[in-house]
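Participant: Sharing protein.pdb, PDB, C-alpha atoms:
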```pdb
MODEL        1
ATOM      1  CA  MET A   1      -3.734  -5.479 -33.109
ATOM      2  CA  ASN A   2      -7.423  -5.158 -33.999
ATOM      3  CA  ASN A   3      -9.716  -2.452 -32.642
ATOM      4  CA  LYS A   4     -11.118  -4.603 -29.868
ATOM      5  CA  GLU A   5      -7.607  -5.318 -28.618
ATOM      6  CA  GLN A   6      -6.731  -1.628 -28.922
ATOM      7  CA  PHE A   7      -9.670  -0.730 -26.715
ATOM      8  CA  PHE A   8      -8.733  -3.174 -23.963
ATOM      9  CA  ASN A   9      -5.008  -2.558 -24.289
ATOM     10  CA  PHE A  10      -4.745   1.208 -24.752
ATOM     11  CA  PHE A  11      -8.034   2.738 -23.660
ATOM     12  CA  LEU A  12      -8.362   0.680 -20.474
ATOM     13  CA  GLY A  13      -4.573   0.677 -20.167
ATOM     14  CA  ARG A  14      -4.774   4.462 -19.835
ATOM     15  CA  GLU A  15      -7.432   4.183 -17.132
ATOM     16  CA  LEU A  16      -5.365   1.892 -14.931
ATOM     17  CA  PRO A  17      -2.460   4.273 -14.094
ATOM     18  CA  VAL A  18      -4.954   7.135 -13.726
ATOM     19  CA  CYS A  19      -6.561   5.144 -10.909
ATOM     20  CA  GLY A  20      -3.186   4.612  -9.247
ATOM     21  CA  GLU A  21      -2.331   8.309  -9.448
ATOM     22  CA  LEU A  22      -5.694   9.239  -7.892
ATOM     23  CA  ILE A  23      -5.165   6.818  -5.007
ATOM     24  CA  TYR A  24      -1.637   8.115  -4.370
ATOM     25  CA  SER A  25      -2.552  11.804  -4.479
ATOM     26  CA  GLY A  26      -5.660  11.242  -2.377
ATOM     27  CA  PHE A  27      -3.681   9.620   0.419
ATOM     28  CA  GLU A  28      -0.902  12.179   0.041
ATOM     29  CA  SER A  29      -3.364  14.922   0.975
ATOM     30  CA  LEU A  30      -3.876  13.241   4.373
ATOM     31  CA  LEU A  31      -0.173  13.026   5.096
ATOM     32  CA  ASN A  32       0.428  16.600   3.953
ATOM     33  CA  ASP A  33      -2.125  18.070   6.370
ATOM     34  CA  PRO A  34      -0.142  18.929   9.528
ATOM     35  CA  TYR A  35      -3.369  19.617  11.448
ATOM     36  CA  LEU A  36      -5.106  16.342  10.669
ATOM     37  CA  ASP A  37      -6.490  14.883  13.883
ATOM     38  CA  ILE A  38      -9.078  12.380  15.082
ATOM     39  CA  MET A  39     -11.776  14.246  16.978
ATOM     40  CA  ASP A  40     -14.371  12.833  19.382
ATOM     41  CA  ASP A  41     -16.471  15.998  19.321
ATOM     42  CA  ASP A  42     -17.987  16.724  15.899
ATOM     43  CA  ASP A  43     -18.317  20.415  16.769
ATOM     44  CA  ASN A  44     -14.526  20.722  16.541
ATOM     45  CA  LEU A  45     -14.633  19.622  12.918
ATOM     46  CA  ILE A  46     -15.708  23.100  11.888
ATOM     47  CA  PHE A  47     -12.026  24.022  12.227
ATOM     48  CA  ALA A  48     -10.790  21.053  10.167
ATOM     49  CA  ASN A  49      -9.387  21.381   6.673
ATOM     50  CA  ASN A  50     -12.332  20.345   4.501
ATOM     51  CA  ALA A  51     -10.121  20.376   1.399
ATOM     52  CA  THR A  52      -8.016  17.539   2.840
ATOM     53  CA  ALA A  53     -11.050  15.348   3.418
ATOM     54  CA  PHE A  54     -12.596  16.157   0.041
ATOM     55  CA  ASN A  55      -9.363  15.528  -1.857
ATOM     56  CA  PHE A  56      -8.873  12.138  -0.214
ATOM     57  CA  LEU A  57     -12.488  11.023  -0.538
ATOM     58  CA  ILE A  58     -13.132  12.165  -4.107
ATOM     59  CA  ASN A  59      -9.871  10.807  -5.517
ATOM     60  CA  THR A  60     -10.051   7.441  -3.791
ATOM     61  CA  SER A  61     -13.746   6.795  -4.400
ATOM     62  CA  VAL A  62     -13.403   7.600  -8.121
ATOM     63  CA  ALA A  63     -10.253   5.474  -8.424
ATOM     64  CA  PHE A  64     -11.855   2.310  -7.046
ATOM     65  CA  GLU A  65     -14.995   2.902  -9.084
ATOM     66  CA  ARG A  66     -12.923   3.055 -12.276
ATOM     67  CA  LEU A  67     -10.868  -0.004 -11.302
ATOM     68  CA  GLY A  68     -14.080  -1.958 -10.793
ATOM     69  CA  LYS A  69     -15.438  -0.915 -14.180
ATOM     70  CA  ILE A  70     -12.228  -1.925 -15.954
ATOM     71  CA  LEU A  71     -12.534  -5.391 -14.417
ATOM     72  CA  ILE A  72     -16.242  -5.616 -15.286
ATOM     73  CA  LEU A  73     -15.525  -4.934 -18.967
ATOM     74  CA  PHE A  74     -12.874  -7.657 -19.035
ATOM     75  CA  LEU A  75     -15.270 -10.113 -17.380
ATOM     76  CA  LEU A  76     -18.162  -9.233 -19.690
ATOM     77  CA  ASN A  77     -15.894  -9.719 -22.697
ATOM     78  CA  GLU A  78     -14.740 -13.072 -21.320
ATOM     79  CA  LYS A  79     -18.296 -14.314 -20.783
ATOM     80  CA  ASN A  80     -19.845 -12.857 -23.964
ATOM     81  CA  PRO A  81     -17.414 -13.498 -26.849
ATOM     82  CA  ASP A  82     -20.329 -13.661 -29.300
ATOM     83  CA  ILE A  83     -21.275 -10.056 -28.439
ATOM     84  CA  PHE A  84     -17.858  -8.525 -27.735
ATOM     85  CA  THR A  85     -16.707  -9.190 -31.277
ATOM     86  CA  ASN A  86     -13.949  -7.423 -33.158
ATOM     87  CA  ASP A  87     -16.335  -5.834 -35.652
ATOM     88  CA  MET A  88     -18.322  -4.192 -32.835
ATOM     89  CA  PHE A  89     -15.178  -2.348 -31.764
ATOM     90  CA  ASP A  90     -14.364  -1.506 -35.373
ATOM     91  CA  ASN A  91     -17.539   0.562 -35.345
ATOM     92  CA  ILE A  92     -16.426   2.369 -32.181
ATOM     93  CA  PHE A  93     -13.091   3.417 -33.688
ATOM     94  CA  ASP A  94     -13.925   3.763 -37.372
ATOM     95  CA  GLY A  95     -17.481   5.032 -37.275
ATOM     96  CA  PRO A  96     -20.609   3.578 -38.921
ATOM     97  CA  SER A  97     -20.093   0.513 -41.091
ATOM     98  CA  GLY A  98     -22.286  -2.073 -42.823
ATOM     99  CA  ASP A  99     -25.917  -1.661 -41.887
ATOM    100  CA  SER A 100     -25.114   0.645 -38.963
ATOM    101  CA  SER A 101     -25.856   4.333 -39.434
ATOM    102  CA  GLU A 102     -24.448   5.528 -36.101
ATOM    103  CA  LYS A 103     -21.049   5.339 -34.465
ATOM    104  CA  ALA A 104     -21.094   2.703 -31.717
ATOM    105  CA  THR A 105     -20.125   3.204 -28.074
ATOM    106  CA  ILE A 106     -19.515   0.780 -25.265
ATOM    107  CA  THR A 107     -23.154   1.341 -24.320
ATOM    108  CA  THR A 108     -24.159   0.152 -27.807
ATOM    109  CA  ILE A 109     -22.389  -3.135 -27.139
ATOM    110  CA  LEU A 110     -23.733  -3.469 -23.605
ATOM    111  CA  LYS A 111     -27.302  -3.073 -24.886
ATOM    112  CA  LYS A 112     -26.915  -6.433 -26.591
ATOM    113  CA  LEU A 113     -26.262  -8.223 -23.294
ATOM    114  CA  THR A 114     -28.817 -10.026 -21.160
ATOM    115  CA  ASN A 115     -29.896  -7.752 -18.304
ATOM    116  CA  SER A 116     -28.436  -4.822 -20.233
ATOM    117  CA  ASN A 117     -30.356  -2.102 -18.374
ATOM    118  CA  ARG A 118     -28.802  -3.109 -15.067
ATOM    119  CA  ILE A 119     -25.310  -3.344 -16.564
ATOM    120  CA  ILE A 120     -25.512   0.034 -18.313
ATOM    121  CA  LYS A 121     -26.851   1.663 -15.162
ATOM    122  CA  LEU A 122     -23.972   0.148 -13.201
ATOM    123  CA  ILE A 123     -21.346   1.338 -15.693
ATOM    124  CA  HIS A 124     -22.804   4.860 -15.490
ATOM    125  CA  SER A 125     -23.138   4.788 -11.696
ATOM    126  CA  HIS A 126     -20.722   5.679  -8.913
ATOM    127  CA  ASN A 127     -21.358   2.888  -6.433
ATOM    128  CA  ASN A 128     -18.375   0.754  -5.447
ATOM    129  CA  SER A 129     -20.453  -1.680  -3.408
ATOM    130  CA  SER A 130     -22.774  -2.452  -6.336
ATOM    131  CA  ILE A 131     -19.783  -2.812  -8.663
ATOM    132  CA  VAL A 132     -18.174  -5.346  -6.300
ATOM    133  CA  ASP A 133     -21.444  -7.278  -6.022
ATOM    134  CA  PHE A 134     -21.672  -7.514  -9.812
ATOM    135  CA  ILE A 135     -18.043  -8.618 -10.141
ATOM    136  CA  ARG A 136     -18.783 -11.388  -7.641
ATOM    137  CA  GLU A 137     -21.774 -12.486  -9.705
ATOM    138  CA  LEU A 138     -19.691 -12.628 -12.867
ATOM    139  CA  SER A 139     -16.651 -14.307 -11.322
ATOM    140  CA  PRO A 140     -16.557 -14.845  -7.532
ATOM    141  CA  GLU A 141     -12.889 -15.870  -7.588
ATOM    142  CA  SER A 142     -11.714 -12.785  -9.492
ATOM    143  CA  LEU A 143     -11.886 -10.387  -6.559
ATOM    144  CA  ILE A 144     -11.835 -11.586  -2.942
ATOM    145  CA  ILE A 145     -12.606  -8.612  -0.710
ATOM    146  CA  GLU A 146     -12.581  -8.616   3.097
ATOM    147  CA  LYS A 147     -15.238  -7.035   5.323
ATOM    148  CA  SER A 148     -12.961  -4.167   6.335
ATOM    149  CA  GLU A 149     -12.351  -3.382   2.653
ATOM    150  CA  LEU A 150     -16.072  -3.482   1.879
ATOM    151  CA  LYS A 151     -16.750  -1.058   4.731
ATOM    152  CA  LEU A 152     -14.108   1.269   3.334
ATOM    153  CA  LEU A 153     -15.714   1.187  -0.114
ATOM    154  CA  SER A 154     -19.076   1.839   1.518
ATOM    155  CA  SER A 155     -17.653   4.982   3.161
ATOM    156  CA  PHE A 156     -16.488   6.195  -0.248
ATOM    157  CA  ASP A 157     -19.978   5.534  -1.661
ATOM    158  CA  ASP A 158     -21.534   7.501   1.190
ATOM    159  CA  PHE A 159     -19.383  10.484   0.322
ATOM    160  CA  TYR A 160     -19.630  10.248  -3.453
ATOM    161  CA  ASN A 161     -23.378   9.720  -3.676
ATOM    162  CA  ASN A 162     -24.332  12.243  -1.008
ATOM    163  CA  GLN A 163     -21.595  14.825  -0.598
ATOM    164  CA  ARG A 164     -19.549  15.245  -3.738
ATOM    165  CA  TYR A 165     -21.499  18.363  -4.687
ATOM    166  CA  GLY A 166     -21.227  19.637  -1.128
ATOM    167  CA  ARG A 167     -22.998  22.899  -0.438
ATOM    168  CA  PHE A 168     -23.837  23.369  -4.144
ATOM    169  CA  ASN A 169     -26.879  21.127  -3.638
ATOM    170  CA  PRO A 170     -29.570  23.186  -1.844
ATOM    171  CA  ASN A 171     -31.846  20.159  -1.396
ATOM    172  CA  GLN A 172     -29.571  18.528   1.157
ATOM    173  CA  GLU A 173     -29.034  19.739   4.686
ATOM    174  CA  ASN A 174     -25.273  19.566   4.681
ATOM    175  CA  THR A 175     -23.214  20.830   7.561
ATOM    176  CA  PHE A 176     -20.216  23.060   7.080
ATOM    177  CA  TYR A 177     -17.895  20.165   7.828
ATOM    178  CA  GLU A 178     -19.658  17.177   6.225
ATOM    179  CA  ASP A 179     -16.585  16.003   4.265
ATOM    180  CA  SER A 180     -14.425  16.151   7.370
ATOM    181  CA  LYS A 181     -17.081  14.289   9.368
ATOM    182  CA  ILE A 182     -17.079  11.357   6.910
ATOM    183  CA  LEU A 183     -13.263  11.202   7.053
ATOM    184  CA  ASN A 184     -13.229  11.588  10.832
ATOM    185  CA  ASP A 185     -15.799   8.806  11.299
ATOM    186  CA  LEU A 186     -13.681   6.568   9.049
ATOM    187  CA  LEU A 187     -10.517   7.313  11.035
ATOM    188  CA  LYS A 188     -12.322   6.778  14.361
ATOM    189  CA  LYS A 189     -13.468   3.306  13.283
ATOM    190  CA  ILE A 190      -9.903   2.394  12.382
ATOM    191  CA  SER A 191      -8.258   3.928  15.452
ATOM    192  CA  HIS A 192     -10.309   1.937  18.001
ATOM    193  CA  SER A 193     -10.344   4.953  20.375
ATOM    194  CA  GLN A 194      -6.523   5.243  20.405
ATOM    195  CA  ASN A 195      -6.730   8.417  18.287
ATOM    196  CA  ILE A 196      -3.101   8.189  17.172
ATOM    197  CA  VAL A 197      -3.094   9.717  13.697
ATOM    198  CA  GLU A 198       0.066   8.100  12.299
ATOM    199  CA  ASN A 199      -0.935   4.593  13.432
ATOM    200  CA  THR A 200      -4.420   5.097  12.008
ATOM    201  CA  LEU A 201      -3.080   6.343   8.673
ATOM    202  CA  ARG A 202      -0.733   3.365   8.533
ATOM    203  CA  THR A 203      -3.695   0.987   8.906
ATOM    204  CA  LEU A 204      -5.783   2.947   6.403
ATOM    205  CA  GLY A 205      -2.877   3.076   3.957
ATOM    206  CA  GLU A 206      -2.377  -0.675   4.289
ATOM    207  CA  THR A 207      -6.050  -1.402   3.569
ATOM    208  CA  ILE A 208      -6.130   0.899   0.548
ATOM    209  CA  LYS A 209      -2.919  -0.491  -0.904
ATOM    210  CA  GLN A 210      -3.972  -4.097  -0.384
ATOM    211  CA  LEU A 211      -7.335  -3.410  -2.017
ATOM    212  CA  SER A 212      -5.697  -1.556  -4.916
ATOM    213  CA  GLN A 213      -3.359  -4.459  -5.569
ATOM    214  CA  LYS A 214      -6.250  -6.939  -5.575
ATOM    215  CA  TYR A 215      -7.963  -4.986  -8.349
ATOM    216  CA  TYR A 216      -4.694  -4.627 -10.242
ATOM    217  CA  GLU A 217      -3.901  -8.330 -10.012
ATOM    218  CA  ALA A 218      -7.387  -9.276 -11.225
ATOM    219  CA  ILE A 219      -7.158  -6.879 -14.185
ATOM    220  CA  SER A 220      -3.635  -8.062 -14.992
ATOM    221  CA  GLN A 221      -4.717 -11.702 -15.138
ATOM    222  CA  LYS A 222      -7.541 -10.918 -17.551
ATOM    223  CA  SER A 223      -5.236  -8.752 -19.658
ATOM    224  CA  ILE A 224      -2.554 -11.437 -19.879
ATOM    225  CA  ALA A 225      -5.196 -14.005 -20.841
ATOM    226  CA  MET A 226      -5.949 -11.816 -23.887
ATOM    227  CA  ASN A 227      -2.192 -11.418 -24.633
ATOM    228  CA  LEU A 228      -2.477  -7.690 -23.917
ATOM    229  CA  TYR A 229      -0.461  -5.213 -21.865
ATOM    230  CA  THR A 230      -3.224  -3.342 -20.058
ATOM    231  CA  TRP A 231      -1.275  -4.012 -16.863
ATOM    232  CA  ALA A 232       1.770  -1.969 -18.008
ATOM    233  CA  LEU A 233       2.450   1.135 -15.907
ATOM    234  CA  PRO A 234       4.767   4.144 -16.441
ATOM    235  CA  GLY A 235       8.022   3.355 -14.657
ATOM    236  CA  ASP A 236       8.361   6.714 -12.916
ATOM    237  CA  SER A 237       4.711   6.964 -11.885
ATOM    238  CA  SER A 238       3.003   6.919  -8.509
ATOM    239  CA  SER A 239       0.671   4.245  -9.898
ATOM    240  CA  MET A 240       3.675   1.907 -10.006
ATOM    241  CA  THR A 241       4.130   2.464  -6.267
ATOM    242  CA  VAL A 242       0.440   1.911  -5.502
ATOM    243  CA  PHE A 243      -0.012  -1.274  -7.516
ATOM    244  CA  LEU A 244       3.447  -2.850  -7.393
ATOM    245  CA  GLY A 245       5.275  -1.212  -4.487
ATOM    246  CA  GLU A 246       6.797  -3.487  -1.857
ATOM    247  CA  LYS A 247       5.761  -1.367   1.149
ATOM    248  CA  LYS A 248       2.688  -2.631   2.992
ATOM    249  CA  SER A 249       1.140   0.783   3.612
ATOM    250  CA  LEU A 250       0.857   3.907   1.484
ATOM    251  CA  ILE A 251       2.044   5.966   4.438
ATOM    252  CA  ASP A 252       5.461   4.278   4.196
ATOM    253  CA  ASP A 253       5.637   5.086   0.479
ATOM    254  CA  LEU A 254       4.861   8.741   1.176
ATOM    255  CA  LEU A 255       7.249   8.959   4.116
ATOM    256  CA  LEU A 256       9.955   7.602   1.808
ATOM    257  CA  GLN A 257       9.068  10.348  -0.670
ATOM    258  CA  ARG A 258       9.563  12.966   2.059
ATOM    259  CA  PHE A 259      12.785  11.306   3.209
ATOM    260  CA  SER A 260      14.039  11.283  -0.401
ATOM    261  CA  LYS A 261      13.351  14.985  -0.777
ATOM    262  CA  ASN A 262      15.478  15.766   2.258
ATOM    263  CA  GLU A 263      18.275  13.463   1.099
ATOM    264  CA  ILE A 264      18.357  15.019  -2.382
ATOM    265  CA  LEU A 265      18.491  18.532  -0.975
ATOM    266  CA  TYR A 266      21.172  17.480   1.492
ATOM    267  CA  SER A 267      23.341  15.903  -1.207
ATOM    268  CA  LEU A 268      23.086  19.091  -3.297
ATOM    269  CA  LEU A 269      23.937  21.349  -0.346
ATOM    270  CA  TYR A 270      26.400  19.067   1.446
ATOM    271  CA  LYS A 271      29.606  20.888   0.460
ATOM    272  CA  GLU A 272      28.160  24.251   1.483
ATOM    273  CA  ILE A 273      26.758  22.953   4.761
ATOM    274  CA  ASN A 274      30.094  21.298   5.516
ATOM    275  CA  LYS A 275      31.752  24.719   5.397
ATOM    276  CA  ILE A 276      29.738  25.978   8.353
ATOM    277  CA  GLU A 277      28.982  22.752  10.242
ATOM    278  CA  SER A 278      31.373  20.087  11.542
ATOM    279  CA  GLU A 279      30.859  16.366  12.061
ATOM    280  CA  ILE A 280      27.854  16.113   9.816
ATOM    281  CA  PRO A 281      26.634  12.803   8.344
ATOM    282  CA  ASP A 282      27.795  11.817   4.875
ATOM    283  CA  PRO A 283      25.231  12.111   2.089
ATOM    284  CA  LEU A 284      23.848   8.927   0.608
ATOM    285  CA  ASP A 285      25.575   7.688  -2.532
ATOM    286  CA  ILE A 286      22.623   8.370  -4.821
ATOM    287  CA  GLU A 287      22.919   7.728  -8.556
ATOM    288  CA  ILE A 288      20.349   9.831 -10.401
ATOM    289  CA  ASP A 289      19.996  10.797 -14.031
ATOM    290  CA  ASP A 290      19.767  14.599 -14.430
ATOM    291  CA  TYR A 291      16.474  14.285 -16.297
ATOM    292  CA  PHE A 292      14.752  12.470 -13.433
ATOM    293  CA  LEU A 293      16.350  14.747 -10.845
ATOM    294  CA  GLN A 294      14.873  17.779 -12.599
ATOM    295  CA  LYS A 295      11.491  16.048 -12.661
ATOM    296  CA  PHE A 296      11.759  15.377  -8.942
ATOM    297  CA  LEU A 297      12.745  18.960  -8.129
ATOM    298  CA  ASN A 298       9.916  20.301 -10.274
ATOM    299  CA  TYR A 299       7.154  18.004  -9.057
ATOM    300  CA  ASN A 300       8.438  16.656  -5.714
ATOM    301  CA  ASN A 301       7.726  13.138  -6.918
ATOM    302  CA  ASN A 302       9.499  10.781  -9.279
ATOM    303  CA  GLN A 303       9.580   7.096  -8.525
ATOM    304  CA  TYR A 304      12.930   6.530 -10.252
ATOM    305  CA  VAL A 305      14.524   9.066  -7.912
ATOM    306  CA  ILE A 306      12.783   7.636  -4.856
ATOM    307  CA  SER A 307      13.927   4.145  -5.846
ATOM    308  CA  SER A 308      17.494   5.438  -6.255
ATOM    309  CA  VAL A 309      17.384   6.892  -2.748
ATOM    310  CA  GLN A 310      15.953   3.642  -1.427
ATOM    311  CA  ASN A 311      18.735   1.638  -3.089
ATOM    312  CA  ALA A 312      21.401   3.972  -1.708
ATOM    313  CA  LEU A 313      19.820   3.695   1.716
ATOM    314  CA  ALA A 314      19.905  -0.107   1.548
ATOM    315  CA  GLU A 315      23.642  -0.013   0.770
ATOM    316  CA  SER A 316      24.394   2.495   3.531
ATOM    317  CA  GLU A 317      24.903   1.941   7.232
ATOM    318  CA  VAL A 318      21.908   4.092   8.196
ATOM    319  CA  LYS A 319      19.773   2.263  10.749
ATOM    320  CA  HIS A 320      17.476   4.896  12.233
ATOM    321  CA  LEU A 321      15.630   6.751   9.497
ATOM    322  CA  GLU A 322      13.627   9.081  11.730
ATOM    323  CA  ALA A 323      16.715  10.261  13.586
ATOM    324  CA  ARG A 324      18.619  10.837  10.338
ATOM    325  CA  GLU A 325      15.685  12.666   8.772
ATOM    326  CA  LYS A 326      15.392  15.015  11.751
ATOM    327  CA  GLU A 327      19.132  15.691  11.774
ATOM    328  CA  ILE A 328      19.316  16.387   8.047
ATOM    329  CA  TYR A 329      16.199  18.530   8.106
ATOM    330  CA  GLN A 330      17.714  20.614  10.902
ATOM    331  CA  LEU A 331      21.020  20.988   9.002
ATOM    332  CA  ILE A 332      19.210  22.168   5.869
ATOM    333  CA  TRP A 333      17.074  24.557   7.887
ATOM    334  CA  SER A 334      20.072  25.947   9.761
ATOM    335  CA  TYR A 335      21.898  26.457   6.486
ATOM    336  CA  TYR A 336      18.946  28.319   5.041
ATOM    337  CA  LYS A 337      18.711  30.556   8.144
ATOM    338  CA  ASN A 338      22.452  31.188   7.975
ATOM    339  CA  ILE A 339      22.475  32.365   4.350
ATOM    340  CA  SER A 340      19.282  34.390   4.724
ATOM    341  CA  ASN A 341      20.692  36.515   7.557
TER     342      ASN A 341
ENDMDL
END
```
So that I can check it, write out the structure of this file as structure tokens.
Facilitator:
Amino acid sequence: MNNKEQFFNFFLGRELPVCGELIYSGFESLLNDPYLDIMDDDDNLIFANNATAFNFLINTSVAFERLGKILILFLLNEKNPDIFTNDMFDNIFDGPSGDSSEKATITTILKKLTNSNRIIKLIHSHNNSSIVDFIRELSPESLIIEKSELKLLSSFDDFYNNQRYGRFNPNQENTFYEDSKILNDLLKKISHSQNIVENTLRTLGETIKQLSQKYYEAISQKSIAMNLYTWALPGDSSSMTVFLGEKKSLIDDLLLQRFSKNEILYSLLYKEINKIESEIPDPLDIEIDDYFLQKFLNYNNNQYVISSVQNALAESEVKHLEAREKEIYQLIWSYYKNISN
């Protein structure tokens, strides 16, 4: 594998799962805020959790920006094979060579392109809408984005370009709750005045996941065309769930994570709970390697464990997940109260 292939395979291959992890953790912050609400009166936002809004907005806006830039580099390489040559990347990895006295960077290569100033500015910018426009110019069929998805990206741009430094920027008249206002306005547009948080998050999670998978598919196709494995993702990662998960919405992925946590705890405590409670449901028949179980207990997230729970659930006779989750949660809580007294 030459240095050009190493760049596209390993360097950009590292970026891809990072984007997936950012998207997952950003959405997770919404689901983990028990006080998240959709408010009609902006004055009430002063009591909102600004950290929730900031975490979601910063992670998701950066993730899509990076996904767009990965795709742009693949497209530029595809359209400019005379400039994106192997020896140019040799200089990036190995330092100055031949008549070059300085170590090259991606910017060094981009300077050789037609309209280089615009391209370099775009690569150094944080504007999802401009990135999408440029991708469409390079290859309209590579990324087909719907109006609702473009509006979502525009909301992320609004936050990132105006609010990411928050109250640290004295030149802007920011309110105390600016981050929460951007998130609240986004949720209000989605909710259509119904103001039901779970339904709204399901729609938002579906849009984000669909958009994520469009970027991933486009990058994968370009990677495969170069006989590279940029598309490969860590098997136990949240990025695998974001880009390749079968659920339509991220909220369902995260609810399954919460359900899995309860089921794991219940299976570990089942014998003890059975000593003090009668007629309790059987634990799921979950097959988990100790290594992954420890990872799950340490970090509350391991996709191998969640998949194992999902497989056990599919083979069980459980029909009503919400009812089972409530029952098991109450049994665990009662057990804890019993042993703590």
Participant: For the atom pair CA of Gln294 (chain A) and CA of Ile328 (chain A), what is the interatomic distance in Å to one decimal place?
Facilitator: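 Computing the Euclidean distance for CA of Gln294 (chain A) and CA of Ile328 (chain A) yields 21.2 Å.
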Participant: Please determine, counting only C-alpha atoms, which residue among A:Asp253, A:Asp87, A:Asp157, A:Asp43 has the shortest atom-to-atom distance to Ile58 (chain A).
Facilitator: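 Checking each candidate against Ile58 (chain A), we get A:Asp157 as the closest.
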Participant: What does the distance between CA of Leu67 (chain A) and CA of Asn162 (chain A) come to in Å, to one decimal place?
Facilitator: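 Pair CA of Leu67 (chain A) / CA of Asn162 (chain A) returns 20.9 Å.
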Participant: Looking at A:Leu284, A:Glu263, A:Lys247, A:Thr203, which one is nearest to Glu315 (chain A), with distances taken over all atoms listed in the file?
Facilitator: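 Among the listed residues, the smallest separation from Glu315 (chain A) belongs to A:Leu284.
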Participant: One decimal, in Å: what's the spacing between CA of Ala53 (chain A) and CA of Asp179 (chain A)?
Facilitator: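 Those two atoms sit 5.6 Å apart.
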